[in-house]
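File shown: coords_39.tsv (TSV, N, CA and C atoms).
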chain	number	residue	atom	x	y	z
A	5	MET	N	14.23	143.52	122.39
A	5	MET	CA	14.97	143.26	121.17
A	5	MET	C	15.95	144.38	120.87
A	6	LYS	N	15.49	145.62	121.10
A	6	LYS	CA	16.32	146.78	120.80
A	6	LYS	C	17.60	146.83	121.64
A	7	PRO	N	17.53	146.55	122.96
A	7	PRO	CA	18.77	146.56	123.74
A	7	PRO	C	19.77	145.48	123.29
A	8	LEU	N	19.26	144.33	122.88
A	8	LEU	CA	20.13	143.27	122.39
A	8	LEU	C	20.82	143.69	121.09
A	9	LEU	N	20.06	144.29	120.20
A	9	LEU	CA	20.65	144.76	118.94
A	9	LEU	C	21.68	145.85	119.19
A	10	LYS	N	21.40	146.77	120.14
A	10	LYS	CA	22.36	147.81	120.47
A	10	LYS	C	23.61	147.22	121.10
A	11	LEU	N	23.45	146.17	121.89
A	11	LEU	CA	24.60	145.50	122.51
A	11	LEU	C	25.48	144.84	121.45
A	12	ILE	N	24.87	144.22	120.46
A	12	ILE	CA	25.62	143.51	119.43
A	12	ILE	C	26.27	144.46	118.44
A	13	PHE	N	25.53	145.47	117.98
A	13	PHE	CA	26.02	146.32	116.90
A	13	PHE	C	26.51	147.68	117.35
A	14	GLY	N	26.37	148.02	118.61
A	14	GLY	CA	26.89	149.29	119.11
A	14	GLY	C	26.18	150.48	118.51
A	15	ASN	N	26.96	151.37	117.90
A	15	ASN	CA	26.41	152.61	117.36
A	15	ASN	C	26.08	152.56	115.88
A	16	GLY	N	26.35	151.46	115.21
A	16	GLY	CA	26.07	151.41	113.78
A	16	GLY	C	26.49	150.09	113.15
A	17	THR	N	26.26	150.02	111.87
A	17	THR	CA	26.53	148.78	111.15
A	17	THR	C	27.63	148.95	110.11
A	18	ARG	N	28.46	149.96	110.25
A	18	ARG	CA	29.52	150.20	109.27
A	18	ARG	C	30.47	149.01	109.16
A	19	SER	N	30.84	148.42	110.27
A	19	SER	CA	31.76	147.28	110.23
A	19	SER	C	31.11	146.06	109.57
A	20	VAL	N	29.83	145.85	109.84
A	20	VAL	CA	29.13	144.73	109.22
A	20	VAL	C	29.02	144.96	107.71
A	21	GLN	N	28.76	146.19	107.31
A	21	GLN	CA	28.70	146.50	105.89
A	21	GLN	C	30.05	146.25	105.21
A	22	THR	N	31.12	146.63	105.87
A	22	THR	CA	32.46	146.43	105.31
A	22	THR	C	32.77	144.94	105.17
A	23	ILE	N	32.43	144.16	106.17
A	23	ILE	CA	32.66	142.72	106.09
A	23	ILE	C	31.76	142.09	105.04
A	24	ASN	N	30.53	142.56	104.93
A	24	ASN	CA	29.62	142.09	103.89
A	24	ASN	C	30.21	142.35	102.51
A	25	LEU	N	30.69	143.56	102.29
A	25	LEU	CA	31.28	143.91	101.00
A	25	LEU	C	32.51	143.07	100.70
A	26	SER	N	33.40	142.96	101.67
A	26	SER	CA	34.64	142.21	101.42
A	26	SER	C	34.37	140.72	101.24
A	27	ALA	N	33.47	140.15	102.02
A	27	ALA	CA	33.16	138.72	101.87
A	27	ALA	C	32.53	138.44	100.51
A	28	ASN	N	31.66	139.31	100.06
A	28	ASN	CA	31.01	139.10	98.76
A	28	ASN	C	31.96	139.36	97.59
A	29	VAL	N	32.90	140.27	97.75
A	29	VAL	CA	33.92	140.46	96.70
A	29	VAL	C	34.78	139.21	96.60
A	30	VAL	N	35.18	138.65	97.74
A	30	VAL	CA	35.98	137.43	97.73
A	30	VAL	C	35.21	136.29	97.08
A	31	TRP	N	33.94	136.10	97.46
A	31	TRP	CA	33.14	135.04	96.85
A	31	TRP	C	32.93	135.27	95.37
A	32	PHE	N	32.72	136.52	94.96
A	32	PHE	CA	32.55	136.82	93.54
A	32	PHE	C	33.79	136.42	92.75
A	33	VAL	N	34.96	136.77	93.28
A	33	VAL	CA	36.21	136.40	92.62
A	33	VAL	C	36.39	134.89	92.61
A	34	LEU	N	36.12	134.24	93.74
A	34	LEU	CA	36.28	132.78	93.81
A	34	LEU	C	35.31	132.04	92.88
A	35	LEU	N	34.14	132.59	92.67
A	35	LEU	CA	33.19	131.96	91.76
A	35	LEU	C	33.49	132.30	90.30
A	36	THR	N	34.23	133.37	90.06
A	36	THR	CA	34.56	133.77	88.70
A	36	THR	C	35.79	133.03	88.17
A	37	LEU	N	36.77	132.77	89.03
A	37	LEU	CA	38.01	132.14	88.58
A	37	LEU	C	37.83	130.80	87.87
A	38	PRO	N	36.99	129.88	88.38
A	38	PRO	CA	36.82	128.61	87.64
A	38	PRO	C	36.13	128.77	86.28
A	39	LEU	N	35.37	129.84	86.09
A	39	LEU	CA	34.71	130.05	84.80
A	39	LEU	C	35.72	130.30	83.68
A	40	PHE	N	36.84	130.92	84.02
A	40	PHE	CA	37.87	131.22	83.03
A	40	PHE	C	39.05	130.26	83.10
A	41	ASN	N	38.91	129.18	83.85
A	41	ASN	CA	39.96	128.16	84.03
A	41	ASN	C	41.28	128.76	84.50
A	42	VAL	N	41.19	129.77	85.34
A	42	VAL	CA	42.37	130.41	85.89
A	42	VAL	C	42.89	129.62	87.08
A	43	LEU	N	41.98	129.22	87.93
A	43	LEU	CA	42.35	128.56	89.17
A	43	LEU	C	41.22	127.63	89.59
A	44	SER	N	41.57	126.50	90.14
A	44	SER	CA	40.56	125.58	90.64
A	44	SER	C	40.33	125.86	92.12
A	45	VAL	N	39.10	126.12	92.47
A	45	VAL	CA	38.75	126.44	93.85
A	45	VAL	C	38.00	125.24	94.43
A	46	ASP	N	38.33	124.89	95.66
A	46	ASP	CA	37.69	123.75	96.32
A	46	ASP	C	36.36	124.17	96.93
A	47	ILE	N	35.31	124.05	96.11
A	47	ILE	CA	33.95	124.33	96.56
A	47	ILE	C	33.12	123.09	96.26
A	48	PRO	N	31.95	122.94	96.89
A	48	PRO	CA	31.13	121.75	96.64
A	48	PRO	C	30.80	121.57	95.16
A	49	GLU	N	30.76	120.32	94.75
A	49	GLU	CA	30.50	119.98	93.34
A	49	GLU	C	29.14	120.52	92.86
A	50	LYS	N	28.14	120.49	93.71
A	50	LYS	CA	26.81	120.97	93.31
A	50	LYS	C	26.82	122.47	93.02
A	51	LEU	N	27.76	123.17	93.62
A	51	LEU	CA	27.86	124.61	93.37
A	51	LEU	C	28.38	124.88	91.96
A	52	TYR	N	29.25	124.00	91.45
A	52	TYR	CA	29.73	124.16	90.08
A	52	TYR	C	28.59	124.06	89.08
A	53	ALA	N	27.64	123.17	89.34
A	53	ALA	CA	26.53	122.97	88.41
A	53	ALA	C	25.55	124.13	88.43
A	54	GLN	N	25.40	124.80	89.59
A	54	GLN	CA	24.42	125.88	89.74
A	54	GLN	C	25.12	127.17	90.18
A	55	MET	N	26.22	127.51	89.54
A	55	MET	CA	27.02	128.65	89.97
A	55	MET	C	26.40	129.99	89.56
A	56	TYR	N	25.47	129.98	88.64
A	56	TYR	CA	24.90	131.23	88.12
A	56	TYR	C	24.22	132.05	89.21
A	57	TYR	N	23.37	131.43	90.02
A	57	TYR	CA	22.61	132.18	91.03
A	57	TYR	C	23.48	132.74	92.15
A	58	PRO	N	24.35	131.96	92.78
A	58	PRO	CA	25.21	132.58	93.79
A	58	PRO	C	26.12	133.65	93.19
A	59	HIS	N	26.56	133.45	91.96
A	59	HIS	CA	27.42	134.44	91.31
A	59	HIS	C	26.66	135.75	91.10
A	60	MET	N	25.40	135.64	90.66
A	60	MET	CA	24.57	136.82	90.45
A	60	MET	C	24.27	137.51	91.79
A	61	LEU	N	23.96	136.73	92.82
A	61	LEU	CA	23.65	137.32	94.13
A	61	LEU	C	24.86	138.01	94.74
A	62	THR	N	26.04	137.44	94.61
A	62	THR	CA	27.23	138.11	95.14
A	62	THR	C	27.48	139.41	94.39
A	63	GLY	N	27.26	139.40	93.09
A	63	GLY	CA	27.42	140.64	92.32
A	63	GLY	C	26.44	141.72	92.77
A	64	LEU	N	25.19	141.33	93.00
A	64	LEU	CA	24.19	142.30	93.48
A	64	LEU	C	24.53	142.81	94.88
A	65	ALA	N	25.00	141.91	95.74
A	65	ALA	CA	25.38	142.33	97.09
A	65	ALA	C	26.53	143.33	97.05
A	66	VAL	N	27.51	143.08	96.19
A	66	VAL	CA	28.64	144.02	96.05
A	66	VAL	C	28.15	145.35	95.50
A	67	LEU	N	27.32	145.30	94.47
A	67	LEU	CA	26.81	146.52	93.85
A	67	LEU	C	26.03	147.37	94.85
A	68	PHE	N	25.08	146.75	95.56
A	68	PHE	CA	24.28	147.51	96.52
A	68	PHE	C	25.11	148.00	97.71
A	69	ALA	N	26.11	147.22	98.12
A	69	ALA	CA	26.96	147.67	99.22
A	69	ALA	C	27.78	148.89	98.82
A	70	ILE	N	28.30	148.89	97.61
A	70	ILE	CA	29.07	150.05	97.14
A	70	ILE	C	28.16	151.28	97.01
A	71	ILE	N	26.97	151.09	96.47
A	71	ILE	CA	26.02	152.20	96.36
A	71	ILE	C	25.63	152.68	97.76
A	72	GLY	N	25.46	151.75	98.71
A	72	GLY	CA	25.11	152.13	100.07
A	72	GLY	C	26.19	152.95	100.75
A	73	PHE	N	27.46	152.66	100.46
A	73	PHE	CA	28.55	153.45	101.03
A	73	PHE	C	28.63	154.84	100.41
A	74	SER	N	28.25	154.95	99.15
A	74	SER	CA	28.45	156.23	98.46
A	74	SER	C	27.21	157.13	98.43
A	75	SER	N	26.04	156.61	98.79
A	75	SER	CA	24.84	157.43	98.74
A	75	SER	C	24.62	158.17	100.06
A	76	GLU	N	23.58	158.99	100.10
A	76	GLU	CA	23.32	159.81	101.28
A	76	GLU	C	21.88	159.68	101.75
A	77	LYS	N	21.68	159.94	103.02
A	77	LYS	CA	20.38	160.03	103.70
A	77	LYS	C	19.50	158.80	103.50
A	78	ASP	N	18.27	158.99	103.04
A	78	ASP	CA	17.30	157.89	102.94
A	78	ASP	C	17.75	156.79	101.99
A	79	LYS	N	18.37	157.18	100.90
A	79	LYS	CA	18.83	156.18	99.94
A	79	LYS	C	19.93	155.30	100.54
A	80	ARG	N	20.73	155.89	101.42
A	80	ARG	CA	21.79	155.12	102.07
A	80	ARG	C	21.19	153.97	102.87
A	81	GLN	N	20.16	154.24	103.63
A	81	GLN	CA	19.52	153.19	104.43
A	81	GLN	C	18.96	152.09	103.54
A	82	LEU	N	18.31	152.47	102.47
A	82	LEU	CA	17.71	151.51	101.55
A	82	LEU	C	18.77	150.61	100.93
A	83	PHE	N	19.86	151.19	100.45
A	83	PHE	CA	20.90	150.39	99.81
A	83	PHE	C	21.72	149.59	100.82
A	84	LYS	N	21.87	150.12	102.05
A	84	LYS	CA	22.52	149.34	103.10
A	84	LYS	C	21.73	148.07	103.36
A	85	VAL	N	20.43	148.21	103.50
A	85	VAL	CA	19.56	147.06	103.77
A	85	VAL	C	19.58	146.09	102.59
A	86	ALA	N	19.50	146.61	101.38
A	86	ALA	CA	19.50	145.74	100.20
A	86	ALA	C	20.81	144.96	100.09
A	87	GLY	N	21.93	145.63	100.30
A	87	GLY	CA	23.22	144.96	100.25
A	87	GLY	C	23.37	143.89	101.32
A	88	LEU	N	22.90	144.19	102.53
A	88	LEU	CA	22.99	143.22	103.62
A	88	LEU	C	22.05	142.04	103.41
A	89	ILE	N	20.87	142.30	102.85
A	89	ILE	CA	19.94	141.19	102.58
A	89	ILE	C	20.49	140.28	101.49
A	90	PHE	N	21.01	140.86	100.42
A	90	PHE	CA	21.60	140.03	99.38
A	90	PHE	C	22.83	139.29	99.90
A	91	GLY	N	23.63	139.94	100.75
A	91	GLY	CA	24.78	139.26	101.34
A	91	GLY	C	24.37	138.12	102.24
A	92	SER	N	23.32	138.33	103.02
A	92	SER	CA	22.82	137.27	103.90
A	92	SER	C	22.27	136.10	103.10
A	93	LEU	N	21.52	136.41	102.05
A	93	LEU	CA	20.98	135.37	101.19
A	93	LEU	C	22.09	134.57	100.52
A	94	THR	N	23.10	135.26	100.06
A	94	THR	CA	24.24	134.58	99.43
A	94	THR	C	24.92	133.64	100.41
A	95	GLN	N	25.17	134.12	101.62
A	95	GLN	CA	25.83	133.28	102.61
A	95	GLN	C	24.97	132.08	102.99
A	96	ALA	N	23.66	132.28	103.07
A	96	ALA	CA	22.77	131.16	103.39
A	96	ALA	C	22.76	130.12	102.26
A	97	ILE	N	22.78	130.57	101.02
A	97	ILE	CA	22.81	129.64	99.89
A	97	ILE	C	24.13	128.88	99.86
A	98	LEU	N	25.23	129.58	100.10
A	98	LEU	CA	26.52	128.90	100.14
A	98	LEU	C	26.58	127.89	101.28
A	99	ALA	N	26.01	128.24	102.43
A	99	ALA	CA	25.96	127.29	103.54
A	99	ALA	C	25.15	126.06	103.18
A	100	SER	N	24.06	126.26	102.43
A	100	SER	CA	23.24	125.11	102.03
A	100	SER	C	24.00	124.20	101.07
A	101	PHE	N	24.85	124.76	100.23
A	101	PHE	CA	25.67	123.92	99.36
A	101	PHE	C	26.68	123.12	100.17
A	102	TYR	N	27.21	123.71	101.24
A	102	TYR	CA	28.15	122.97	102.08
A	102	TYR	C	27.42	121.90	102.90
A	103	ILE	N	26.16	122.14	103.25
A	103	ILE	CA	25.39	121.11	103.94
A	103	ILE	C	25.14	119.93	103.01
A	104	SER	N	24.81	120.22	101.76
A	104	SER	CA	24.53	119.13	100.82
A	104	SER	C	25.79	118.35	100.46
A	105	ALA	N	26.97	118.92	100.69
A	105	ALA	CA	28.23	118.23	100.40
A	105	ALA	C	28.69	117.38	101.59
A	106	TYR	N	27.93	117.38	102.68
A	106	TYR	CA	28.31	116.62	103.87
A	106	TYR	C	28.14	115.14	103.62
A	107	PRO	N	28.95	114.22	104.02
A	107	PRO	CA	30.27	114.36	104.61
A	107	PRO	C	31.32	114.66	103.55
A	108	PRO	N	32.43	115.13	103.82
A	108	PRO	CA	33.00	115.47	105.12
A	108	PRO	C	32.49	116.83	105.60
A	109	PHE	N	32.64	117.05	106.89
A	109	PHE	CA	32.22	118.30	107.51
A	109	PHE	C	33.15	119.42	107.07
A	110	GLU	N	32.59	120.50	106.63
A	110	GLU	CA	33.37	121.67	106.21
A	110	GLU	C	33.14	122.81	107.20
A	111	PRO	N	34.21	123.42	107.70
A	111	PRO	CA	34.05	124.57	108.59
A	111	PRO	C	33.36	125.76	107.92
A	112	MET	N	33.39	125.81	106.59
A	112	MET	CA	32.72	126.90	105.88
A	112	MET	C	31.22	126.89	106.12
A	113	LEU	N	30.67	125.75	106.47
A	113	LEU	CA	29.25	125.67	106.82
A	113	LEU	C	28.96	126.58	108.01
A	114	ILE	N	29.80	126.52	109.01
A	114	ILE	CA	29.61	127.36	110.21
A	114	ILE	C	29.88	128.83	109.88
A	115	VAL	N	30.94	129.09	109.13
A	115	VAL	CA	31.29	130.47	108.79
A	115	VAL	C	30.17	131.13	107.99
A	116	CYS	N	29.69	130.46	106.95
A	116	CYS	CA	28.63	131.04	106.11
A	116	CYS	C	27.33	131.22	106.89
A	117	SER	N	27.01	130.26	107.76
A	117	SER	CA	25.79	130.37	108.56
A	117	SER	C	25.86	131.54	109.54
A	118	LEU	N	27.01	131.70	110.19
A	118	LEU	CA	27.16	132.82	111.14
A	118	LEU	C	27.16	134.16	110.43
A	119	LEU	N	27.81	134.25	109.27
A	119	LEU	CA	27.79	135.50	108.52
A	119	LEU	C	26.38	135.84	108.06
A	120	SER	N	25.63	134.85	107.62
A	120	SER	CA	24.26	135.09	107.20
A	120	SER	C	23.42	135.62	108.35
A	121	THR	N	23.56	135.02	109.51
A	121	THR	CA	22.81	135.45	110.69
A	121	THR	C	23.23	136.86	111.12
A	122	TRP	N	24.52	137.14	111.07
A	122	TRP	CA	25.04	138.45	111.47
A	122	TRP	C	24.54	139.53	110.52
A	123	PHE	N	24.53	139.25	109.22
A	123	PHE	CA	24.04	140.23	108.25
A	123	PHE	C	22.54	140.49	108.43
A	124	LEU	N	21.78	139.44	108.70
A	124	LEU	CA	20.34	139.64	108.96
A	124	LEU	C	20.10	140.41	110.26
A	125	GLY	N	20.94	140.17	111.25
A	125	GLY	CA	20.85	140.95	112.49
A	125	GLY	C	21.11	142.43	112.23
A	126	ALA	N	22.04	142.73	111.32
A	126	ALA	CA	22.31	144.13	110.98
A	126	ALA	C	21.12	144.76	110.28
A	127	VAL	N	20.41	143.98	109.47
A	127	VAL	CA	19.19	144.49	108.83
A	127	VAL	C	18.15	144.80	109.90
A	128	MET	N	18.02	143.93	110.88
A	128	MET	CA	17.08	144.19	111.98
A	128	MET	C	17.50	145.42	112.77
A	129	TYR	N	18.79	145.62	112.99
A	129	TYR	CA	19.27	146.81	113.69
A	129	TYR	C	18.88	148.07	112.92
A	130	ILE	N	19.08	148.04	111.60
A	130	ILE	CA	18.73	149.20	110.79
A	130	ILE	C	17.22	149.46	110.86
A	131	ALA	N	16.44	148.40	110.80
A	131	ALA	CA	14.98	148.57	110.81
A	131	ALA	C	14.46	149.03	112.16
A	132	TYR	N	14.95	148.44	113.26
A	132	TYR	CA	14.39	148.74	114.58
A	132	TYR	C	15.08	149.89	115.32
A	133	VAL	N	16.37	150.09	115.11
A	133	VAL	CA	17.10	151.09	115.87
A	133	VAL	C	17.34	152.35	115.04
A	134	GLU	N	17.93	152.20	113.87
A	134	GLU	CA	18.25	153.38	113.05
A	134	GLU	C	17.02	153.91	112.33
A	135	GLY	N	16.17	153.03	111.88
A	135	GLY	CA	15.02	153.45	111.09
A	135	GLY	C	15.43	153.63	109.64
A	136	MET	N	14.47	153.50	108.77
A	136	MET	CA	14.77	153.60	107.34
A	136	MET	C	15.00	155.03	106.89
A	137	ASP	N	14.71	156.00	107.78
A	137	ASP	CA	14.99	157.40	107.42
A	137	ASP	C	16.36	157.84	107.94
A	138	GLY	N	17.07	156.97	108.66
A	138	GLY	CA	18.40	157.28	109.14
A	138	GLY	C	18.45	157.99	110.47
A	139	LYS	N	17.29	158.27	111.05
A	139	LYS	CA	17.24	158.95	112.34
A	139	LYS	C	17.07	157.90	113.44
A	140	LEU	N	17.86	157.97	114.48
A	140	LEU	CA	17.76	157.02	115.56
A	140	LEU	C	16.40	157.12	116.23
A	141	ARG	N	15.80	155.98	116.48
A	141	ARG	CA	14.48	155.97	117.10
A	141	ARG	C	14.62	156.10	118.61
A	142	SER	N	13.72	156.81	119.21
A	142	SER	CA	13.78	157.01	120.67
A	142	SER	C	12.82	156.09	121.41
A	143	ASP	N	11.91	155.42	120.72
A	143	ASP	CA	10.91	154.58	121.41
A	143	ASP	C	11.48	153.26	121.84
Can you present the structure in this file as structure tokens?
Amino acid sequence: MKPLLKLIFGNGTRSVQTINLSANVVWFVLLTLPLFNVLSVDIPEKLYAQMYYPHMLTGLAVLFAIIGFSSEKDKRQLFKVAGLIFGSLTQAILASFYISAYPPFEPMLIVCSLLSTWFLGAVMYIAYVEGMDGKLRSD
């Protein structure tokens, strides 16, 4: 498992964290705009009815990702993992809304599912390769 994770993520998860942060900021903005009647966003109808939870999860993912970038040592690992887990959960929930809106087929189903899997893989990389103390494991 460790060689596969090293092959996928290389020397770290900084790029995955950056994409997690940017994707969740975009989703947070897209979920906020219809609340203020600024712009109509084409998202599944069921998401409009239950927008509170994905909106809250994207906010938490953004918050933990920012704290993860700005903190140091052991706390950095903890907040990196928390931000990636919340980001993965958010993407999985959004993918489930796109599944429930089928038909028609939406490419966002594939995008959200792949991002969710990639973010969870980064959590596994942190747990198995980097360790929660930030020191690379030699075993």
- prompt: Out of chain A, which residues get alpha helix (DSSP H) from DSSP, as a ChimeraX atom specification?
  reply: /A:6-13,18-36,49-53,56-74,77-104,111-129
- prompt: Which distance in Å separates atom C of Gln54 of chain A and atom N of Phe83 of chain A, to one decimal?
  reply: 26.6 Å
Would you kindly return, as an mmCIF file with N, CA and C atoms, keeping the file's coordinate frame, each protein, DNA or RNA residue with an atom no farther than 12 Å from any atom of segment 6-22 of chain A, considering only C-alpha atoms and excluding same-chain residues fewer than 5 positions away?
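Done, and the output landed in out-v5.cif:
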data_model
loop_
_atom_site.group_PDB
_atom_site.id
_atom_site.type_symbol
_atom_site.label_atom_id
_atom_site.label_comp_id
_atom_site.auth_asym_id
_atom_site.auth_seq_id
_atom_site.Cartn_x
_atom_site.Cartn_y
_atom_site.Cartn_z
ATOM 1 N N ALA A 27 33.470 140.150 102.020
ATOM 2 C CA ALA A 27 33.160 138.720 101.870
ATOM 3 C C ALA A 27 32.530 138.440 100.510
ATOM 4 N N ASN A 28 31.660 139.310 100.060
ATOM 5 C CA ASN A 28 31.010 139.100 98.760
ATOM 6 C C ASN A 28 31.960 139.360 97.590
ATOM 7 N N VAL A 29 32.900 140.270 97.750
ATOM 8 C CA VAL A 29 33.920 140.460 96.700
ATOM 9 C C VAL A 29 34.780 139.210 96.600
ATOM 10 N N ALA A 65 25.000 141.910 95.740
ATOM 11 C CA ALA A 65 25.380 142.330 97.090
ATOM 12 C C ALA A 65 26.530 143.330 97.050
ATOM 13 N N VAL A 66 27.510 143.080 96.190
ATOM 14 C CA VAL A 66 28.640 144.020 96.050
ATOM 15 C C VAL A 66 28.150 145.350 95.500
ATOM 16 N N PHE A 68 25.080 146.750 95.560
ATOM 17 C CA PHE A 68 24.280 147.510 96.520
ATOM 18 C C PHE A 68 25.110 148.000 97.710
ATOM 19 N N ALA A 69 26.110 147.220 98.120
ATOM 20 C CA ALA A 69 26.960 147.670 99.220
ATOM 21 C C ALA A 69 27.780 148.890 98.820
ATOM 22 N N ILE A 70 28.300 148.890 97.610
ATOM 23 C CA ILE A 70 29.070 150.050 97.140
ATOM 24 C C ILE A 70 28.160 151.280 97.010
ATOM 25 N N ILE A 71 26.970 151.090 96.470
ATOM 26 C CA ILE A 71 26.020 152.200 96.360
ATOM 27 C C ILE A 71 25.630 152.680 97.760
ATOM 28 N N GLY A 72 25.460 151.750 98.710
ATOM 29 C CA GLY A 72 25.110 152.130 100.070
ATOM 30 C C GLY A 72 26.190 152.950 100.750
ATOM 31 N N PHE A 73 27.460 152.660 100.460
ATOM 32 C CA PHE A 73 28.550 153.450 101.030
ATOM 33 C C PHE A 73 28.630 154.840 100.410
ATOM 34 N N ARG A 80 20.730 155.890 101.420
ATOM 35 C CA ARG A 80 21.790 155.120 102.070
ATOM 36 C C ARG A 80 21.190 153.970 102.870
ATOM 37 N N GLN A 81 20.160 154.240 103.630
ATOM 38 C CA GLN A 81 19.520 153.190 104.430
ATOM 39 C C GLN A 81 18.960 152.090 103.540
ATOM 40 N N PHE A 83 19.860 151.190 100.450
ATOM 41 C CA PHE A 83 20.900 150.390 99.810
ATOM 42 C C PHE A 83 21.720 149.590 100.820
ATOM 43 N N LYS A 84 21.870 150.120 102.050
ATOM 44 C CA LYS A 84 22.520 149.340 103.100
ATOM 45 C C LYS A 84 21.730 148.070 103.360
ATOM 46 N N VAL A 85 20.430 148.210 103.500
ATOM 47 C CA VAL A 85 19.560 147.060 103.770
ATOM 48 C C VAL A 85 19.580 146.090 102.590
ATOM 49 N N ALA A 86 19.500 146.610 101.380
ATOM 50 C CA ALA A 86 19.500 145.740 100.200
ATOM 51 C C ALA A 86 20.810 144.960 100.090
ATOM 52 N N GLY A 87 21.930 145.630 100.300
ATOM 53 C CA GLY A 87 23.220 144.960 100.250
ATOM 54 C C GLY A 87 23.370 143.890 101.320
ATOM 55 N N LEU A 88 22.900 144.190 102.530
ATOM 56 C CA LEU A 88 22.990 143.220 103.620
ATOM 57 C C LEU A 88 22.050 142.040 103.410
ATOM 58 N N ILE A 89 20.870 142.300 102.850
ATOM 59 C CA ILE A 89 19.940 141.190 102.580
ATOM 60 C C ILE A 89 20.490 140.280 101.490
ATOM 61 N N PHE A 90 21.010 140.860 100.420
ATOM 62 C CA PHE A 90 21.600 140.030 99.380
ATOM 63 C C PHE A 90 22.830 139.290 99.900
ATOM 64 N N GLY A 91 23.630 139.940 100.750
ATOM 65 C CA GLY A 91 24.780 139.260 101.340
ATOM 66 C C GLY A 91 24.370 138.120 102.240
ATOM 67 N N SER A 92 23.320 138.330 103.020
ATOM 68 C CA SER A 92 22.820 137.270 103.900
ATOM 69 C C SER A 92 22.270 136.100 103.100
ATOM 70 N N LEU A 119 27.810 134.250 109.270
ATOM 71 C CA LEU A 119 27.790 135.500 108.520
ATOM 72 C C LEU A 119 26.380 135.840 108.060
ATOM 73 N N SER A 120 25.630 134.850 107.620
ATOM 74 C CA SER A 120 24.260 135.090 107.200
ATOM 75 C C SER A 120 23.420 135.620 108.350
ATOM 76 N N THR A 121 23.560 135.020 109.510
ATOM 77 C CA THR A 121 22.810 135.450 110.690
ATOM 78 C C THR A 121 23.230 136.860 111.120
ATOM 79 N N TRP A 122 24.520 137.140 111.070
ATOM 80 C CA TRP A 122 25.040 138.450 111.470
ATOM 81 C C TRP A 122 24.540 139.530 110.520
ATOM 82 N N PHE A 123 24.530 139.250 109.220
ATOM 83 C CA PHE A 123 24.040 140.230 108.250
ATOM 84 C C PHE A 123 22.540 140.490 108.430
ATOM 85 N N LEU A 124 21.780 139.440 108.700
ATOM 86 C CA LEU A 124 20.340 139.640 108.960
ATOM 87 C C LEU A 124 20.100 140.410 110.260
ATOM 88 N N GLY A 125 20.940 140.170 111.250
ATOM 89 C CA GLY A 125 20.850 140.950 112.490
ATOM 90 C C GLY A 125 21.110 142.430 112.230
ATOM 91 N N ALA A 126 22.040 142.730 111.320
ATOM 92 C CA ALA A 126 22.310 144.130 110.980
ATOM 93 C C ALA A 126 21.120 144.760 110.280
ATOM 94 N N VAL A 127 20.410 143.980 109.470
ATOM 95 C CA VAL A 127 19.190 144.490 108.830
ATOM 96 C C VAL A 127 18.150 144.800 109.900
ATOM 97 N N MET A 128 18.020 143.930 110.880
ATOM 98 C CA MET A 128 17.080 144.190 111.980
ATOM 99 C C MET A 128 17.500 145.420 112.770
ATOM 100 N N TYR A 129 18.790 145.620 112.990
ATOM 101 C CA TYR A 129 19.270 146.810 113.690
ATOM 102 C C TYR A 129 18.880 148.070 112.920
ATOM 103 N N ILE A 130 19.080 148.040 111.600
ATOM 104 C CA ILE A 130 18.730 149.200 110.790
ATOM 105 C C ILE A 130 17.220 149.460 110.860
ATOM 106 N N ALA A 131 16.440 148.400 110.800
ATOM 107 C CA ALA A 131 14.980 148.570 110.810
ATOM 108 C C ALA A 131 14.460 149.030 112.160
ATOM 109 N N TYR A 132 14.950 148.440 113.260
ATOM 110 C CA TYR A 132 14.390 148.740 114.580
ATOM 111 C C TYR A 132 15.080 149.890 115.320
ATOM 112 N N VAL A 133 16.370 150.090 115.110
ATOM 113 C CA VAL A 133 17.100 151.090 115.870
ATOM 114 C C VAL A 133 17.340 152.350 115.040
ATOM 115 N N GLU A 134 17.930 152.200 113.870
ATOM 116 C CA GLU A 134 18.250 153.380 113.050
ATOM 117 C C GLU A 134 17.020 153.910 112.330
ATOM 118 N N GLY A 135 16.170 153.030 111.880
ATOM 119 C CA GLY A 135 15.020 153.450 111.090
ATOM 120 C C GLY A 135 15.430 153.630 109.640
ATOM 121 N N GLY A 138 17.070 156.970 108.660
ATOM 122 C CA GLY A 138 18.400 157.280 109.140
ATOM 123 C C GLY A 138 18.450 157.990 110.470
ATOM 124 N N LYS A 139 17.290 158.270 111.050
ATOM 125 C CA LYS A 139 17.240 158.950 112.340
ATOM 126 C C LYS A 139 17.070 157.900 113.440
ATOM 127 N N LEU A 140 17.860 157.970 114.480
ATOM 128 C CA LEU A 140 17.760 157.020 115.560
ATOM 129 C C LEU A 140 16.400 157.120 116.230
ATOM 130 N N ARG A 141 15.800 155.980 116.480
ATOM 131 C CA ARG A 141 14.480 155.970 117.100
ATOM 132 C C ARG A 141 14.620 156.100 118.610
ATOM 133 N N SER A 142 13.720 156.810 119.210
ATOM 134 C CA SER A 142 13.780 157.010 120.670
ATOM 135 C C SER A 142 12.820 156.090 121.410
ATOM 136 N N ASP A 143 11.910 155.420 120.720
ATOM 137 C CA ASP A 143 10.910 154.580 121.410
ATOM 138 C C ASP A 143 11.480 153.260 121.840
#
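Note that atom CA of Met112 of chain A and atom CA of Met55 of chain A are 17.0 Å apart.
Here atom N of Pro108 of chain A stands at a distance of 28.1 Å from atom C of Leu25 of chain A.
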Give me the segment 12-85 of chain A side of the contact with segment 101-104 of chain A, cut-off 7 Å, one line per residue showing its nearest atom pair and distance in Å at one decimal, counting all atoms listed in the file, sorted by chain and residue number, as a tab-separated table.
residue	atom	partner	partner_atom	distance
A:Pro48	CA	A:Phe101	C	5.8
A:Lys50	C	A:Phe101	CA	6.6
A:Leu51	N	A:Phe101	CA	6.2
- request: Counting only C-alpha atoms, figure out which residue out of A:Phe32, A:Phe40, A:Lys79, A:Met136 gets nearest to Tyr56 of chain A.
  value: A:Phe32
query: Taking only N, CA and C atoms into account, which of A:Leu67, A:Leu61, A:Val42, A:Leu118 comes nearest Thr94 of chain A?
result: A:Leu61
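Residue nearest Asp137 of chain A, chosen from A:Leu39, A:Ser117, A:Glu76, A:Ala99 and counting only C-alpha atoms: A:Glu76.
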